[in-house]
Structures are given as C-alpha cells and as structure tokens.
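Everything on this sheet refers to the single structure shown next.
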4 protein chains.
Amino acid sequence: MFKITDLDPRKLQDWQVAEAAEKHMKTITRLAEEAGITADELLPMGHHIGKVDFMKVLDRLAGKPDGKYIDVTAITPTPLGEGKSTTVMGLVQGLAQCGKKVTGAIRQPSGGPTFNIKGSAAGGGLSQCIPLTPFSLGLTGDIDCVANAHNLAMVAMTSRMQHEFNYDDAMLALKGLRRLDIDPRNVQMKWAIDFCAQSLRDIVIGLGGKMDGFMMSSGFAITVSSEIMAILAVATGLKDLRERMGKIIVAYSRKGEPVTTSDLDVAGAMTAWMVKAINPNLLQTIEGQPVFVHAGPFANIAVGQSSIIADRVALKLADYHVTESGFGADIGFEKFWNIKSRLSGLTPNCAVIVATVRALKMHGGGPQVAPGKKLDPAYTSENLPLLEKGFANLLAHIETVKRAGVNPVVCINSFYTDTKAEIALLKSLTEQAGARVALSEHWLRGGEGAR
Amino acid sequence: MFKITDLDPRKLQDWQVAEAAEKHMKTITRLAEEAGITADELLPMGHHIGKVDFMKVLDRLAGKPDGKYIDVTAITPTPLGEGKSTTVMGLVQGLAQCGKKVTGAIRQPSGGPTFNIKGSAAGGGLSQCIPLTPFSLGLTGDIDCVANAHNLAMVAMTSRMQHEFNYDDAMLALKGLRRLDIDPRNVQMKWAIDFCAQSLRDIVIGLGGKMDGFMMSSGFAITVSSEIMAILAVATGLKDLRERMGKIIVAYSRKGEPVTTSDLDVAGAMTAWMVKAINPNLLQTIEGQPVFVHAGPFANIAVGQSSIIADRVALKLADYHVTESGFGADIGFEKFWNIKSRLSGLTPNCAVIVATVRALKMHGGGPQVAPGKKLDPAYTSENLPLLEKGFANLLAHIETVKRAGVNPVVCINSFYTDTKAEIALLKSLTEQAGARVALSEHWLRGGEGAR
Amino acid sequence: MFKITDLDPRKLQDWQVAEAAEKHMKTITRLAEEAGITADELLPMGHHIGKVDFMKVLDRLAGKPDGKYIDVTAITPTPLGEGKSTTVMGLVQGLAQCGKKVTGAIRQPSGGPTFNIKGSAAGGGLSQCIPLTPFSLGLTGDIDCVANAHNLAMVAMTSRMQHEFNYDDAMLALKGLRRLDIDPRNVQMKWAIDFCAQSLRDIVIGLGGKMDGFMMSSGFAITVSSEIMAILAVATGLKDLRERMGKIIVAYSRKGEPVTTSDLDVAGAMTAWMVKAINPNLLQTIEGQPVFVHAGPFANIAVGQSSIIADRVALKLADYHVTESGFGADIGFEKFWNIKSRLSGLTPNCAVIVATVRALKMHGGGPQVAPGKKLDPAYTSENLPLLEKGFANLLAHIETVKRAGVNPVVCINSFYTDTKAEIALLKSLTEQAGARVALSEHWLRGGEGAR
Amino acid sequence: MFKITDLDPRKLQDWQVAEAAEKHMKTITRLAEEAGITADELLPMGHHIGKVDFMKVLDRLAGKPDGKYIDVTAITPTPLGEGKSTTVMGLVQGLAQCGKKVTGAIRQPSGGPTFNIKGSAAGGGLSQCIPLTPFSLGLTGDIDCVANAHNLAMVAMTSRMQHEFNYDDAMLALKGLRRLDIDPRNVQMKWAIDFCAQSLRDIVIGLGGKMDGFMMSSGFAITVSSEIMAILAVATGLKDLRERMGKIIVAYSRKGEPVTTSDLDVAGAMTAWMVKAINPNLLQTIEGQPVFVHAGPFANIAVGQSSIIADRVALKLADYHVTESGFGADIGFEKFWNIKSRLSGLTPNCAVIVATVRALKMHGGGPQVAPGKKLDPAYTSENLPLLEKGFANLLAHIETVKRAGVNPVVCINSFYTDTKAEIALLKSLTEQAGARVALSEHWLRGGEGAR
C-alpha cells in the first residue's frame, strides 16, 4: 500500500506529491463512510469529491457532543511563507497518526490569483489536500454560485434603475413597483467576477442608449470578496442565509435611505443560487483524512474564514477538528473570534500560531526578498540577534490570542536550514511569553511551506 | 407505483407535474445502469443528476452500431409556442412505451431569460425533463465553466494590452513576450455573463488609471452566445475542443492581423476550465427515460444545438435517439445539417417538424397575441381559410428538410380546441406536400406547450 | 500710389499679395466714411477693421431704396477649386473699376479647418479680402460669442439636470423651478468648440461624482455649425434674434416634450453674448472696396450664408451688393432662396454661377486629383469631349437658379491653361442653355482659385 | 455736468450707479489722449473701450521714470466682502481728486462665476470701473483668445496621439514626425472653457471609433485657470510670451519625459491667437480716470494678478499707479511679491491692506453668514471684544507685507454701522502694529462693498 513517507518532499514539487497521492486516494463513498456520513447525506460530485447535506448530518447527530476545536492562525505573513495551510493539513495527518478521529477545514481558493500564480492554498509538501486540480479549478462551483447570486442582484438593481428612469410613478404602480429612487452616485455594490480583471475595476456602464441601461460608474470586484461569500462563511443554516441575503445594502436612495436586495425583491432568487453551495465540500488529505473546503479566502478584504457550517458538521463527526483563519492573528484570529465565534457560538479549545525562524528574522529587520532571487544568507545561516528582534511580532500575536481567553500553541514550522540554537532561542522566548511550543519536525511531514 | 397518467395536465401547472414526478424519479445510479452506463463511466452529481465520462463510453462501445437518429425541428416560432421540447420528451416517452430503448438530448437553458420568465425549456405538461429546479438553475455548472474559460481569455487580452502599453519592446522581450499590438478599436470578443444584463452591453473599461487597465469600449454578452459554447456543442472530443479553443480570434492587431487565444497563450488554461463541462449531463423524463442535457440554446445568436458528444454517446446506448434543433427548420435544421452533421459525420434517419394549427393560423395572418390577454377566437374556434393560408410556412420547412435528403415527418401537436376539420385539412395538405404526419394525440402525453 | 496691377499673381503666393496690399490699405475710419457710414455708426476694432451699428444705419437710411443684389453661387465643388470667394472679390473690384458704388459680403471662416490647412476663404490672387491675418484668426470674436452663447445653454441644461437629479419637487419649487425632466438619452444639443477636435466628438461627461454633474453621452461640434450661428445669419434684428434664441430645442423630456432655451431661462443671457456679434464686420478688398464679413461657413452642415443683416446694410449703402452662397447652387443657392430670401424679403437681381473648365472636366469623368500631386494632363491640355460631358453639372445648376425665377449669369473663371476652343465650347453650351456668360479674364484680376 | 456726488449709493444698486455714470463717460479717444496715449498707440474697440499697443508706448516712453507703484491687497476674504476692488477704484478716484495723474489696473472677471452670480469684480458703490456690461461679458475677447490658444494645444496633442496610434514609425517618419509616445494616463493639460461647467470636469473622450480620437480620461477647467492666462499675466513682452508658450508641459511620455507645446509644434500658432490679447484693455472709473483691465482672476487657483504689461504701461503714463492682488495678502501679495515682482523687476512703494470692522469680527469668531439672511447683530452693533480678537488676522497680513520690506498701509473700509469706538480701537491696534491707517470715509466715495 501507498505510504507518503516513501515520497521525498525535497526532490518533488508539491504537485508531484499530490499527483502521486491521488493515484491511491479513497473514493468519496469510502471517505464519507469512514467519516461517519451516511450515503443519504453524501452528495457525490464525481468519484473523489462530494458535498455533504449538512442539515441531515446536524439533525441526525444533534445530541452528540462536539469534538475539540482547534484554530490555526499565524504571525504576520511575509513573502517567505509561514506554512499555515500546510500546518492545518499536517495537524490533521499527525493527529490521525496518533489514532485520533480528526477532520480539517480550509477555504476554497479564488480563481483570480490562481492564474496569477500564487500558492495552491492546499498546503504543501507531504501535507496537502487532494485532488489538487479540481480544488484549484472551481471545485464544485460554489464561487460561481456566489457570482451568480451576486450579479443577479446587480441585474435587478440596474434593471430597476432603468425602469424607474423610463417610467413615471403611475406606470410603475401599474407594474406593482414603488419608486426606490436609487442614487447612481451612491451605489455600494459592484459586479462580481472571480478573476483579477484589472480593466473591469473602474468602468462606465449603460452607454448603449435607451434599451441598454442607465449610465453610471460601476466596476467588478473579485467574487470571493462579495458580501455573499461572507454570508456563506458565517451563515448557520439556510434560513439564516436567506435572511442575510435580503439585508444586503446595494445602494442608497437619493434621500440617503438604504436600498436592499429585499427592496429589489431578489433575495429569494439569489438564495436559490446558493442552495447547492451551502453544503460543504468534502475532500481528503494525502493520507486520506476528511477535509472540508467551504467559503472563500482573503481575510484582508473579506471574512476569510472557513465556514461555520463546515465546522459545525466536522465537530459532530470528529474528536478533533482543525480549522484555519487567514492572515496573521491580528486580522484572521480577530475575525475568527469577534465575528465567526460570536455567530456560531463555538469556542476553540486552542489556537495554533504558526511561526518560522525565517519569517521572524524578516520581521526583525532582515533584508527584502525578491521573487526568483537566491535567499539572503541572513535567512539560511544562524542569526540569533535578528531572530530575537523579530520575536516581538510573535509576542503580539500570542497576546492577541490570550486576550480572547484562548490557549495559544506556537507551532514552529522548522526548515532544515534552521540551527539548533535558533530553534532553542525561539522555544525559550515563546515559553517565557507563556505559550506552549510544538515543533513541526516531530509531527508535520510537510515541506517548506507553499512557496 | 407512480403513473403519470394519473396526473391531469389540464388541472396542473407544468412545475406541479414535475414536482409530482420528482417524488418517484430514479436515482442517477439506477438511471445510468438501466441506460447501459457503467459505474466507472458515471460521475454522479448528487443523487439524481450525473455526468457521463463520454470517452470511456465511446471507447467501450466503439464497435457497437449507432441507433436511429431523429432530429426535432419546427415551423417558424410564434408567441403561441409550438411545443418543440415537449415533442422531444413526448417522443422519448412514447417510443419507450412502444418498448424501444430510447434516449433524448436537449440543450441547457440560459440563466438570463430564465429570470425574465420564459418557458422552462424542459418541455411541458406530461412530457418534461426532471429534476426541474437544478435543470433551470445552472445544472452542474457547464455555463459557468464556459463563462470562466471565456472571461479568462478576456483577462489575458486586457492584461496583455496593459503590459504592452506599459512596457517597451526590450522589457516585453525580457518577459518572453512579443508585441501583439492589439487594436483597442478592433476587439472582436466581449465579456460573458449569463444574465440579461442590459446595462453591461455597452461599457467603457479601464478607467481607473495605470494599474486599472487599458481604457477602451467593451461589453458583456450572454454566456450562451459565447464561441466557447458553440465549441462545446460541436467538439467531437477533448483534443478537438483544445484545438478549437486556440483558434478563437479575440481581436485584430493594428496592422489588421488576427490575434487568437493561442497568441495569448491562454488556450490551455481555458481548456482546463472545460474538462468537467465536456462530459454530458444525464437527467430523465418524467417517465424515467434517460435525457442528455448538453450545450446551450439560441439558434438565432449561437449554434443552438445539443452537443455532438451527447448525441454520439446516446446513439451508442439506445436504439432510438431524439435530439433537438432550436428555432424553425430554416435556422435550426440548417445549422444542424450544415454545421453539426458535417462535423459529427452523423446523418439523421428522419427529421420531425413540429407544427400546431394555432401557430399556422398566425402565419396565415391571424391577429397578434398580447401576453396575459385572452386568445383571439381565430385561434380557439375553427378557421380553415386562415390555416390553409398559413400552411405555406410549414411547406417551406418541409422543403428545407427534403433538400437535405432527409425524410420529414410533420408532428401535429394538437390542442383540444383544434377541430377535426382543421386537423384533417392540415393532414391532407401535409401529405400532398409529400411528408408523413404524426398526431401528438396518439403518443404525446404532453400539455399545450410551455406557454 | 499702390496699384495691384503692379503685382504678378503668378509669381506670388496669395498671402504675399495680401501682405503687399495691406501696406496701403485704408484706415477703417476712411473706409467707413467712403462707404457712407457715419462716425457714430462705426465701431472701430483697431485701425483697419470695424463693426457697423446696423440698427443706426438702417434707421437713418430707412427711406433709401436698396441697391442691386447679386448672389454668387457655383457648380458642384471639386478638389480643384472653382474660385467662388475669388469671384465675389473680383466682382466687387471689377464693378468699382466700372465706377459703381459696390459692396461685398462673405462669411467668416471657422478656426477648425483653418489650422488643418484649407483655403483662406478670403478669395485669392488679386481678388482678396484684407487684412488677412485677423480675418483668419477669429476677426472680432463673433465665433467666440456664438460659442459662449451656445455653451451657456449647455451649462444651463447640464446644471439643471444635476439640480433636478439632486433635489425633489418640493426643493425645486423652493428654488422657483418646475421639473423639466430632461431625458439624458434624448439631448439634441452638443457643446461647441471652433476646432476640428475629433476626440471630443463622442464623449461621456459628468463622471466625477455628485458635484461634477450628471453622467451622460455628449460631444462637441464645430462652433460654426451651431444653431446660433444659423440664427446670426438669418436674424433680421436684435428682437428677432432674441426670439429665435429662446426657441432652440436643447433636448426632449422623458415624456417626449421639447425643452427649449426659454424653458431653461437662459435665452436672455445667451442673447447678451450676441449683442456685439450681431453687428457686421467691415473689411476691404485689396483695392479698397468695403466688404462685410458676417456669420459662418459650411452650407452642407449649416446655413452657410453671409448674414441678412450685412446684406440689408450693404444694400442701403451701395448701388451693387455682391453676396455669396456656399457650396454648389443645389445646396447654397437653394438655402439662399428658400431660407434666407424668404426671411429677409430680399430678392436677388441675378445669380452668378461660377464655373471652371477644369472642374467641369472632372464632373465629366476626369481622373481623381491627389493633394500635392501634379495635375493630370486632362486638366491642363485641351479635352473638349470631357468638358462637354461635364457641362451636365453646370446645366443642372442653371436650371436650379431659373426655377427660382432669377437670372443666371455663368462666370467662367478661366485659367491660363484653358484653350480658346474650350472657352468657346463652354460659352456656346451655356448660351444654348439660356444663361448669360461672363469671362473672368476681362474683369477678374484674380488668380487660379484658392487652392 | 455730471457729478457722482449727486448719486446716493445708499439708494442705488451698483449697476444703477454704473448706468448713470455711463451716460457721461469719456470716449475712448479722449480718455486715451488725456492719459497720454497717442492715436497711433490706441486700438479702439468701439467708442468707450480700447486696447493699447503696449510696445509702442513702452518704446516711446522708455526714458521716462516710472510713477509710484501701489499694490492693493487685503485681510483673509469673508462672505461679507472687504471691498478690495472698490478700494482700488476709490484710491484712483481719490488721488485724482487730489490732483494727481493716476491709473488703476484690475483683472478681467471670468465668465464662469459671473453667471453664477458673484460680485461684478468692477468695484462697487461710487467706486466702479465702467462700462460695466462689456466689462462683465468678455470685454474684448482676451479670455476667448486664451481658450483658443489653450484648446489648440489640446487639439494638437489629441490629434498627435491619434496619429501615433494609427501609424507605425515608418509612416510617422514619412509625415516628418518623431514618436512622442504620450502616456494617456499622464496627461497634465485639460481643455479650457470659461464657464462653471461641472459636468465637463471629469469626462472620457475619444469614444467614437477610429476617426474620433484616442480614448482617455480628460476634463475641462475654467479658462482663467489656464497656464496661458498665467503667462499673459507675467509676460514682459511678445518674445517672452512666445518663449513661455513653447514651454508648457502638456503631458509625459510613457518613459516619463515631459512633452511640451514645442514638441507638438504648436507654440507659434498658439501665440498667434494671443497677439491681440497681449495688449491691455483701457476702461475708466466712473469719474473718468484710466483703468487697465488685463489678465485673469483667482489667486487661489491661478496667478490672479493684473498683468505686468499693464502695470509697466501705466507706470510710464501716471504719477501713481494702483494695482490689485487677489485674495488675502497671504496668497495675493505673496504671489505679487514672489512671482510678479521678480519677473517684472518692479517694486511697490507701498501695499494697501483693505480691512473692515465686520470681517475682522468674523475672523474673531463671529457667527456664520448665510446668503439672503439678515446679518447677525454682532456685525451691525458695537462688539469690541470680537473685533480685538479678529485683529490677529490683520496683524498676520501686516507682517507678511513687512517681511517683504514694503510699507503697509491699512485701509479701513468703514460702514455706517461701524461705531466710533470700533474704528478707534482698530486704528489704535493697527498703529501699535507699526502700520499706517487710512479711513475710507475720507477719500473713498464707495458703497458697502460689492455684496
């Protein structure tokens, strides 16, 4: 049988590791069954990916106590990469090796930056989520559903503006419409497209004449930054999602009153586009543990958390559930704690802060890193003063987690160039700060981070 | 067991008939198995819809002779509706009642007009394709894939224009690019969105400054009119699709030379978005016969044919395969015969021309029909002279089919208001024109057409 | 004393002839006095140009009978030039040589094409209007006044649209305004600029946000094509001009009702900008006869006639007044006869049709002429058949003039390359057509036309 | 004979005072003659306005010593008005009453705000510049000339961009052009129109296709803010103006190099439009003293000074010449001293700072003033503490003038509501600050300021 330890991550690209693992991956039927999901609850999407009917699972297991809830966050991101997704996968794989029933939850990557070549967002080295290609290429279409729901609101809004412009009040009344009187210079919502389409950021629409709409400034934003993606992340169920879908403010009237999707009578149809997407996707690690992939990335411009629904389902199925918060703890964990946890009512048992010696050296004032250039020796040979100076960054994130009353565990994602003295110094400083330390060399099989 | 004949289409809306039938529909596993598709060839998409790995089926059944090939077309469309999709479903259901192994193939509806309330495009009355809601709401995401592939080309083109504008030849060479020198006033391709977004038809893009792209006129068209949708309809396999994907002309250079997706090095990535979509979707009639749904509608602005791939798979699986050509025979059958048949090498055994007494009366000069108004008595009571005059329309379509050397069968989709004398006259005129006649009252269980 | 006959037009460029003549030109005071204009009626504009207070002149000379009224028009224009302005100047100079009291009237050239290098529009050779530079460069600012009056209407309209958009009916009422409800997609008026500014032809305005106006499609047209320039040409006095100024339709309301400058309460202020411009400008020929320059060119896109006011003043001052109608008689004379004459009540005593042997040869099928290329021998050596064929063009224009009941006189503007046989043939054909013939070699001192 | 002291400014609107005075104003011929301008040097523009051929005057009087040079500036402007232009006129009229040979110089108002109803900019009450209507309505067209010169540069630039876009290097070389490669996103120059046309501030041009120019963001600014208006204000002669006209940076190339009007070969033609405008306009006070009006307003967005040429001519003609610097001394006097004086080489003998009790009270914290509302009692009854607090504003301006080494004279433009104690306090504070004080009640016949 296939053992990932037969693969040498130092000789293989991430995608080669994934490709090797995919030859032996479990069918979605077996994966679901092993995870405790019934055939009725599984909505297969091909042979290796499925969606899970979350309502059926939550109904069936309503009385079962939740597993342990682990949130993975990190120090402030650097171009060097810290390996946050890798750590999530590594934790899931490691806990499984320890004989625990474990699940993970990560976010679906955007199609935009994918084609502009960033990391796969699926982890790296020997700690990855597979199958990799569908993971990177739209998966089961959730982002498309968000775009469709989002753009449907925009179509409804622009059509309404056109109608209100073409018709007087009497004619509107005949059509059963009251005048919303949207101010074209106070429209809050843009269109959604899941590409990095710079030329669509700032546009003028409606130029074609009477039948081609109302002329105004507009633009497209990346789909994963849509408020609907945020709603998908924080909704606790379909009813909650439907309610939130109707409260989206698309614009303001000329009198300054908010105009919502409910005012446009479009929230129901928007929700219809989300009925499929609200069910979380089920994939696996390269060692065959269940991983939920649900909701979008980018904690800087969006919520950037895996979904509450995925976490709730996973906590019913597993003893340990590892979820991920984007960016550093100052954004990602804050949004996890202040938004997601409040809405879900779920409190994490601990928060893992991923740190690397290299990234802390950069925060300590190490030289800039240019893409494609050889790393400066500051990062590949011992430099204790730089590391000590950079520890201030980690310290701040430890305190952020502590302020929430959550136990911080610092995971040092170590590289083969880190020296024993550096690891020892970092361990010692962290423990002095009152946080526990885990070394990835022990349980993480992963490579050097995604990039 | 459920029998559709227990339902009375005169008392139920189409969606109520569909809802009743969906309670008893076959699982996708059973539907595929009965159709002769192996578990390995079926890619389930939930419990009642699947995609079929067409390459595996065609490989396995390469030596098996094709079934009979029936194309359904119609007289020139009128606001009254002729019942073309209904006839396809009715034919499949009827042939199955006759004990034949039969399949159908129709096109996936566009999200645009769906929300502007046209027919469901799934047939009507007791002859429908189910499950209806996913059929109407994006199905398995093929149209989204077309939009993504399409817009990826546009992103590549606009980014390239921006780069070429910002950089001189030396800098471009460093990046491994030769100057394509696209003329912004001679761009052929627009963006794709599958909504009727009038305000996006005629737009100015790239207004935001240096980082926000190159300013030019642009616009969005409905996704189903994309050349990529046409390619999906006519491709004979993945290799063929990949080749066609690289030949799309996006613009012309300032010297007037065509610039293709290959010139933009984007055809491979576009194809990646289509790998899932190229497999046809499998659904069922309300009586449980297999129906393939693949490629897009609108024979007026697009190819408007169900896909060659769906037809090829179906002809291997069934004794009789009923496929559909959009619009009247003058557009739909012509595109079927002159484009689709030439590329597929498949010749139909007969072509069914759907006609109604009512629509022919309108072609004969009957009064206009207003939506929501009561029908003029000309259509609901006997009027032989009007029918005879309107027969000229049917005659022309019969001759179009004959010119192709294909046998025309006129299917009179009769309504309960048609009189015996009218049916007799239409039958007699048709037979004098050298075409055979079928009466839907005998084998079609369907209602009065979708509208 | 200076005699223009000392100058050899074959050795000098037009501007050199003008420069030589300008050294000896009359002061505006003397020119006006000799023309019978009092010091009080003359508004000097520097030393050699003046405006004439037309109301004072017309009041003082109300009882004096008008002089003879001669309109100069031409065959259909060709790239070879026919010498229409040259003929006007030549006629004025020639009639003065014959001892007649004579005046001329031509139109002020546009700044647009001037800088795109067309003819000076001041005549050519030994028959020109001077001083040439101010004539070509805005003269006394009449076109600027037209632009200011015109753009004031546009400012009023766009401000009004902005106000009506920002305020509700109650607030508008407070400001004393009723809602005009202008349809931004049905605006008839564009902005005016007297340059050939192609990039301003089709623009989108009002992009800047709430304070920067209402967003809509708009554009700039050349000032001389403004309706206000047309009004300047046909107004019979200030009161008439004021009334016409208020009737300009700037747009239509969304209900389809016309919105005028009066509705915008701007007609009075627009008229204020025209008070100076309504007085005709007084210049002179290179032999010192008075020439009025008033209103704009381009009979194809505008009225293209010198002003009624200039003609009325001139007819009181002179025994013979020569005025000019742009383009060929089919446009220029038609507009003179059907518009200008009807509004002025002035009937011409004769109409001169300028023709050249060369241009008629081109109308007869002679080869195309490229700018900067040597003329084809067809034009510089004898070719009687081509001339005879081309005479059809002249014939049509003779008939146009005759239909108006006006005597046509064909002025053959002869070139030194014309042969005696050609002149004889043209003379003979013209006389057979019932028109009188004048040869420019006898009394016209002019050169070969402007180009 | 007419005496302005027969008019009661408390009973008449400003325009009524002007109208009464205009009935008795001097002809331009007499005005010029009395001012010492010869008939040859005067370019009459109608009967009461003229332009002065500055080169002839400066040549003739080159050896004559300059008169005394007085600059009028003010405290920081308030909505109450300080009466700066009024003070200039008052000083000219007052010095003339004292038997001095005196001239004034003010700036021509913009057509934009005029129609949006601000002050006439011609002074007020019994101290005004006449004739008022032509003064307010374009005068002799200088602003139009600036607009024409300015827009000619824009036409040249946009045409060039279009040509360079349409043609390759070889074709450009054939036309004798080198590629300027203007970056459309780095164009510095906008178009000019002398109206407050908000909707033209931010526009997109060039939408019409291949022949209608290059698409880019653009806009119109008010003509008086044009760099060409600044050049008119500071040019010392035609040669200097021509040189400056060629140095205007219209845009930057894509490599970041400046592109000037010289690069566009348009500076000569632009200068041709300014040949008339460079001569200062001559008008008169309502008591018949010569006033030059030349160059544009708005010291905040432009230079905002009357022209160097006007001042140089006036200083040769008069014993005392009073010129005006816009806004408060912190902008207007600074620009006068740091820009205009450096370029002209002319040092003022004293600087008058106009102040009012009312405006200083506002600077001291008095209540806001709403247009059309009755003034707060704080301004119309005695309030010494408010005045004392507001004196800080005047103090700062006194020090600004002193820093330049120029003698400040504070002119208290008193109102009938000012109390004796207030005047006494203001006088005392000013003298303690080391500045001399003049009371307008003695020599200024003017009203209460323009508004």
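We name chains A, B, ... following the order of the structure tokens; residues begin at 1 in each chain, and ligands are numbered from 1 as shown.
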
* For chain A, which residues have at least one atom within 12 Å of chain C, if we go by only C-alpha atoms? Write them as a PyMOL selection string, please. -> chain A and resi 162+164-168+181-187+202-218+253-256

* Could you find all residues in region 222-366 of chain A that DSSP calls strand (DSSP E) from the backbone, and write them as a VMD selection string? => chain A and resid 222 249 to 253 258 to 260 281 to 285 290 to 293 320 to 324 350 to 355

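Atom pair CA of Arg312 (chain B) / CA of Ile339 (chain B): separated by 15.4 Å.
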
* **All residues 7 Å or closer to region 74-83 of chain B, only C-alpha atoms, same chain fewer than 4 positions away omitted, as a list in words** => Thr87, Phe327, Gly328, Ala329, Ile353, Val354, Ala355, Thr356, Ala359, Val369, Asn393, Leu394, His397, Gly449, Ala450 and Arg451 of chain B

* State, in Å with one decimal place, the distance from CA of Ala230 (chain D) to CA of Val303 (chain D). => 5.7 Å

* Residue set, region 139-344 of chain C restricted to alpha helix (DSSP H), as a ChimeraX atom specification -> /C:142-166,169-174,227-234,238-246,267-274,308-317,334-335,341-344

* Write out as number ranges by chain the residues lying within 10 Å of Asn151 (chain A), counting only C-alpha atoms and excluding same-chain residues fewer than 6 positions away. => A: 145, 157, 189-193, 220, 223, 270; B: 193-195, 197

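When only C-alpha atoms are used to compute distances to Thr285 (chain A), the closest of the residues A:Pro65, A:Gly99, A:Gly46, A:Gly123 turns out to be A:Gly123.
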
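With CA of Leu91 (chain D) on one side and CA of Asp53 (chain D) on the other, the separation reads 25.7 Å.
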
* Asked: Quick one: of C:Ala251, C:Asn407, C:Ala370, C:Asp66, who's nearest to Met154 (chain C), counting only C-alpha atoms?
  -> C:Ala251

* Residue among C:Ala121, C:Leu232, C:Cys350, C:Ala424 lying closest to Ile309 (chain C), counting only C-alpha atoms -> C:Leu232
